[in-house]
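Undergrad: First the structure, then my questions, so here it is.
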Amino acid sequence: MMNGAFSLKSKSSGAWLDAIMNNFDAFLLDHAANERKASSMAMSMVAHYPDKDRLLEAMIDLALEELNHFRQVVKLVRKRGLLLAPDEKDPYVNQLRASIRRGKQHYFLDRLLSAAVIEARGAERFALIADNIDDEELKIFYAALAKSEASHHLLFIELAHHYFDADEVKTRLSDWLTIETKIIEELPVRARLH
């Protein structure tokens with residue numbers, strides 16, 4: 001496997017972390033929705049690219065893993081006496097998707113790289129939560145999730161390198177990191193994952 005580690009161009013703000021710590025229940029509900037959507041996204045890749053064997057296997061495994069994360073978060077939601085919220089559009093993801101190019105190959109590469117960037121942001125934010133939350137159970141849970149999300153961002157980069165030229169991946173990933181930074185810095189701070 002090719003080492004595809006990369007760093008985001010910006011760090012999540014202290015204001016974001018404060019919003020999470022001050023309204024963890026709202027964050028938890030949003031987190032549950034994000035895990036469910038991540039599982040659905042992986043299965044949409046399976047449906048969209050059934051002829052790409054390496055992608056197919058990876059996305060089936062990813063869908064199952066994300067669905068398991070969803071189940072784990074739902075248990076935390078229920079333990080707190082909360083109810084899952086109706087689905088909401090995620091402005092962060094929607095703005096990222098708006099930057100996906102048209103054309104079969106461009107679209108495929110952009111789906112892989114945008115997913116890598118989303119997973120990297122999730123890893124960064126889950127690690128921040130793990131490092132700052134007082135609840136020991138949640139600290140362990142979010143530390144494990146941070147590692148998982150980091151492996152997912154590497155998976156998407158590895159897949160991009162499998163299907164595309166390394167220089168093309170490097171150039172377009174740089175574009176995506178710039179796009180993501182602009183979006184994350186302009187979004188209002190909320191008790192949400194993104």
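Numbering starts fresh at 1 for the residues of each chain in the structure tokens, the chains themselves are lettered A, B, ... in the order given, and ligands are numbered from 1 as they appear.
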Write out as a PyMOL selection string each polymer residue whose atoms come within 9 Å of Thr181 of chain A, counting only C-alpha atoms; drop sequence neighbours fewer than 2 positions from it.
TA: chain A and resi 8-11+176-179+183-186
Undergrad: Would you export the selected residues with N, CA and C atoms as a PDB file, in the first residue's frame, please?
TA:
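Generated output (result_38.pdb):
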```
ATOM      1  N   LEU A   8      -4.093  18.344   6.516  1.00  0.00           N
ATOM      2  CA  LEU A   8      -5.041  19.391   6.170  1.00  0.00           C
ATOM      3  C   LEU A   8      -4.322  20.727   6.234  1.00  0.00           C
ATOM      4  N   LYS A   9      -4.795  21.709   5.498  1.00  0.00           N
ATOM      5  CA  LYS A   9      -4.147  23.022   5.471  1.00  0.00           C
ATOM      6  C   LYS A   9      -4.553  23.920   6.625  1.00  0.00           C
ATOM      7  N   SER A  10      -5.588  23.518   7.363  1.00  0.00           N
ATOM      8  CA  SER A  10      -6.013  24.308   8.520  1.00  0.00           C
ATOM      9  C   SER A  10      -6.457  23.369   9.630  1.00  0.00           C
ATOM     10  N   LYS A  11      -6.358  23.873  10.852  1.00  0.00           N
ATOM     11  CA  LYS A  11      -6.808  23.112  12.011  1.00  0.00           C
ATOM     12  C   LYS A  11      -8.186  23.604  12.421  1.00  0.00           C
ATOM     13  N   TRP A 176      -7.957  20.059  -3.689  1.00  0.00           N
ATOM     14  CA  TRP A 176      -9.001  19.700  -2.733  1.00  0.00           C
ATOM     15  C   TRP A 176      -8.694  20.218  -1.340  1.00  0.00           C
ATOM     16  N   LEU A 177      -7.442  20.188  -0.952  1.00  0.00           N
ATOM     17  CA  LEU A 177      -7.071  20.701   0.370  1.00  0.00           C
ATOM     18  C   LEU A 177      -7.322  22.204   0.462  1.00  0.00           C
ATOM     19  N   THR A 178      -7.088  22.906  -0.622  1.00  0.00           N
ATOM     20  CA  THR A 178      -7.371  24.343  -0.658  1.00  0.00           C
ATOM     21  C   THR A 178      -8.876  24.603  -0.611  1.00  0.00           C
ATOM     22  N   ILE A 179      -9.625  23.848  -1.393  1.00  0.00           N
ATOM     23  CA  ILE A 179     -11.092  23.971  -1.414  1.00  0.00           C
ATOM     24  C   ILE A 179     -11.654  23.720  -0.020  1.00  0.00           C
ATOM     25  N   ILE A 183     -13.778  26.256   2.650  1.00  0.00           N
ATOM     26  CA  ILE A 183     -15.123  25.904   3.119  1.00  0.00           C
ATOM     27  C   ILE A 183     -15.164  25.850   4.644  1.00  0.00           C
ATOM     28  N   ILE A 184     -14.209  25.144   5.252  1.00  0.00           N
ATOM     29  CA  ILE A 184     -14.241  24.955   6.708  1.00  0.00           C
ATOM     30  C   ILE A 184     -14.071  26.284   7.437  1.00  0.00           C
ATOM     31  N   GLU A 185     -13.296  27.193   6.861  1.00  0.00           N
ATOM     32  CA  GLU A 185     -13.071  28.483   7.514  1.00  0.00           C
ATOM     33  C   GLU A 185     -14.252  29.440   7.363  1.00  0.00           C
ATOM     34  N   GLU A 186     -15.077  29.230   6.338  1.00  0.00           N
ATOM     35  CA  GLU A 186     -16.212  30.128   6.110  1.00  0.00           C
ATOM     36  C   GLU A 186     -17.520  29.639   6.725  1.00  0.00           C
TER      37      GLU A 186
END
```
Undergrad: Just want the 12 Å neighbourhood of Asp87 of chain A, counted on only C-alpha atoms, with same-chain residues fewer than 2 positions away dropped. Output as a ChimeraX atom specification.
TA: /A:29-34,36-37,84-85,89-90
Undergrad: Could you write those residues out with N, CA and C atoms, as a PDB file, in the first residue's frame?
TA:
```pdb
ATOM      1  N   LEU A  29     -25.918  13.687  17.949  1.00  0.00           N
ATOM      2  CA  LEU A  29     -26.978  13.418  16.965  1.00  0.00           C
ATOM      3  C   LEU A  29     -26.463  13.644  15.540  1.00  0.00           C
ATOM      4  N   ASP A  30     -25.698  14.707  15.350  1.00  0.00           N
ATOM      5  CA  ASP A  30     -25.115  14.974  14.042  1.00  0.00           C
ATOM      6  C   ASP A  30     -24.088  13.903  13.683  1.00  0.00           C
ATOM      7  N   HIS A  31     -23.304  13.485  14.669  1.00  0.00           N
ATOM      8  CA  HIS A  31     -22.311  12.441  14.428  1.00  0.00           C
ATOM      9  C   HIS A  31     -22.984  11.165  13.943  1.00  0.00           C
ATOM     10  N   ALA A  32     -24.081  10.777  14.578  1.00  0.00           N
ATOM     11  CA  ALA A  32     -24.813   9.583  14.149  1.00  0.00           C
ATOM     12  C   ALA A  32     -25.223   9.711  12.681  1.00  0.00           C
ATOM     13  N   ALA A  33     -25.772  10.860  12.325  1.00  0.00           N
ATOM     14  CA  ALA A  33     -26.203  11.073  10.935  1.00  0.00           C
ATOM     15  C   ALA A  33     -25.024  10.965   9.980  1.00  0.00           C
ATOM     16  N   ASN A  34     -23.876  11.485  10.374  1.00  0.00           N
ATOM     17  CA  ASN A  34     -22.700  11.430   9.510  1.00  0.00           C
ATOM     18  C   ASN A  34     -22.193  10.006   9.305  1.00  0.00           C
ATOM     19  N   ARG A  36     -24.036   7.294   9.377  1.00  0.00           N
ATOM     20  CA  ARG A  36     -25.002   6.650   8.477  1.00  0.00           C
ATOM     21  C   ARG A  36     -24.769   7.082   7.035  1.00  0.00           C
ATOM     22  N   LYS A  37     -24.539   8.383   6.842  1.00  0.00           N
ATOM     23  CA  LYS A  37     -24.300   8.896   5.489  1.00  0.00           C
ATOM     24  C   LYS A  37     -23.000   8.356   4.908  1.00  0.00           C
ATOM     25  N   LEU A  84     -32.849  10.122  17.616  1.00  0.00           N
ATOM     26  CA  LEU A  84     -32.201  10.537  16.376  1.00  0.00           C
ATOM     27  C   LEU A  84     -33.006  11.640  15.718  1.00  0.00           C
ATOM     28  N   ALA A  85     -32.314  12.569  15.138  1.00  0.00           N
ATOM     29  CA  ALA A  85     -32.963  13.714  14.506  1.00  0.00           C
ATOM     30  C   ALA A  85     -33.272  13.413  13.044  1.00  0.00           C
ATOM     31  N   LYS A  89     -29.352  18.405   5.538  1.00  0.00           N
ATOM     32  CA  LYS A  89     -28.258  18.563   4.584  1.00  0.00           C
ATOM     33  C   LYS A  89     -27.028  19.051   5.342  1.00  0.00           C
ATOM     34  N   ASP A  90     -25.876  18.565   4.949  1.00  0.00           N
ATOM     35  CA  ASP A  90     -24.620  18.975   5.563  1.00  0.00           C
ATOM     36  C   ASP A  90     -23.986  20.026   4.662  1.00  0.00           C
TER      37      ASP A  90
END
```
Undergrad: Show which residues sit within 12 Å of Leu173 of chain A, as number ranges by chain. Count only C-alpha atoms, and ignore same-chain residues fewer than 5 positions away.
TA: A: 4-9, 109-117, 153, 156-157, 160-161, 164, 166-168, 178-180
Undergrad: Could you give me, as an NGL selection string, the residues within 7 Å of Tyr142 of chain A, counting only C-alpha atoms and dropping anything in the same chain fewer than 5 positions from it?
TA: :A and (126-127 or 129-130)
Undergrad: Between segment 129-192 of chain A and segment 20-24 of chain A, at 9 Å or less, what are the per-residue closest atom pairs and their distances in Å? Count only C-alpha atoms, order by chain and rising residue number, and return it as CSV.
TA:
```
residue,atom,partner,partner_atom,distance
A:Ile129,CA,A:Ile20,CA,8.2
A:Asn132,CA,A:Met21,CA,8.4
A:Ile133,CA,A:Met21,CA,7.4
A:Arg190,CA,A:Ile20,CA,7.6
A:Ala191,CA,A:Ile20,CA,4.7
A:Arg192,CA,A:Ile20,CA,7.0
```
Undergrad: Quick one: distance from atom CA of Ala98 of chain A to atom CA of Glu158 of chain A in Å, one decimal?
TA: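 Answer for the atom CA of Ala98 of chain A to atom CA of Glu158 of chain A separation: 23.3 Å.
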Undergrad: Need to verify the contact set: segment 51-63 of chain A, 8 Å, only C-alpha atoms, exclusion of same-chain residues closer than 3 positions in sequence. Can you return it as a PyMOL selection string?
TA: chain A and resi 38-43+45-46+66-67+152+159
Undergrad: The selected residues should be written to file as a PDB file, in the first residue's frame (atoms: N, CA and C atoms).
TA:
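Once everything was written out, this is again_13.pdb:
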```pdb
ATOM      1  N   ALA A  38     -21.982   8.168   5.764  1.00  0.00           N
ATOM      2  CA  ALA A  38     -20.704   7.629   5.285  1.00  0.00           C
ATOM      3  C   ALA A  38     -20.888   6.200   4.782  1.00  0.00           C
ATOM      4  N   SER A  39     -21.708   5.426   5.480  1.00  0.00           N
ATOM      5  CA  SER A  39     -21.997   4.065   5.028  1.00  0.00           C
ATOM      6  C   SER A  39     -22.738   4.089   3.688  1.00  0.00           C
ATOM      7  N   SER A  40     -23.694   4.991   3.574  1.00  0.00           N
ATOM      8  CA  SER A  40     -24.445   5.133   2.314  1.00  0.00           C
ATOM      9  C   SER A  40     -23.547   5.577   1.165  1.00  0.00           C
ATOM     10  N   MET A  41     -22.616   6.485   1.459  1.00  0.00           N
ATOM     11  CA  MET A  41     -21.698   6.963   0.427  1.00  0.00           C
ATOM     12  C   MET A  41     -20.850   5.809  -0.107  1.00  0.00           C
ATOM     13  N   ALA A  42     -20.355   4.969   0.799  1.00  0.00           N
ATOM     14  CA  ALA A  42     -19.546   3.829   0.362  1.00  0.00           C
ATOM     15  C   ALA A  42     -20.374   2.898  -0.523  1.00  0.00           C
ATOM     16  N   MET A  43     -21.611   2.665  -0.154  1.00  0.00           N
ATOM     17  CA  MET A  43     -22.459   1.796  -0.976  1.00  0.00           C
ATOM     18  C   MET A  43     -22.826   2.460  -2.299  1.00  0.00           C
ATOM     19  N   MET A  45     -20.760   4.220  -3.997  1.00  0.00           N
ATOM     20  CA  MET A  45     -19.573   3.961  -4.819  1.00  0.00           C
ATOM     21  C   MET A  45     -19.637   2.540  -5.392  1.00  0.00           C
ATOM     22  N   VAL A  46     -20.120   1.590  -4.589  1.00  0.00           N
ATOM     23  CA  VAL A  46     -20.293   0.209  -5.055  1.00  0.00           C
ATOM     24  C   VAL A  46     -21.272   0.185  -6.224  1.00  0.00           C
ATOM     25  N   GLU A  66     -18.526   1.704   8.702  1.00  0.00           N
ATOM     26  CA  GLU A  66     -19.242   2.941   9.015  1.00  0.00           C
ATOM     27  C   GLU A  66     -20.617   2.634   9.615  1.00  0.00           C
ATOM     28  N   LEU A  67     -21.252   1.589   9.140  1.00  0.00           N
ATOM     29  CA  LEU A  67     -22.548   1.196   9.704  1.00  0.00           C
ATOM     30  C   LEU A  67     -22.381   0.742  11.150  1.00  0.00           C
ATOM     31  N   HIS A 152      -9.197   5.527   6.908  1.00  0.00           N
ATOM     32  CA  HIS A 152     -10.103   5.713   5.766  1.00  0.00           C
ATOM     33  C   HIS A 152      -9.533   6.748   4.795  1.00  0.00           C
ATOM     34  N   LEU A 159      -6.580   4.223  -3.151  1.00  0.00           N
ATOM     35  CA  LEU A 159      -7.437   3.899  -4.296  1.00  0.00           C
ATOM     36  C   LEU A 159      -7.211   4.891  -5.438  1.00  0.00           C
TER      37      LEU A 159
END
```
Undergrad: Which value, in Å to one decimal, gives the distance between atom CA of Leu187 of chain A and atom CA of Pro91 of chain A?
TA: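 Between atom CA of Leu187 of chain A and atom CA of Pro91 of chain A the gap works out to 8.0 Å.
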Undergrad: For Arg80 of chain A, find every residue with an atom within 12 Å (counting only C-alpha atoms), except residues of its own chain fewer than 2 positions away, and show them as a PyMOL selection string.
TA: chain A and resi 24-26+28-29+73-78+82-84
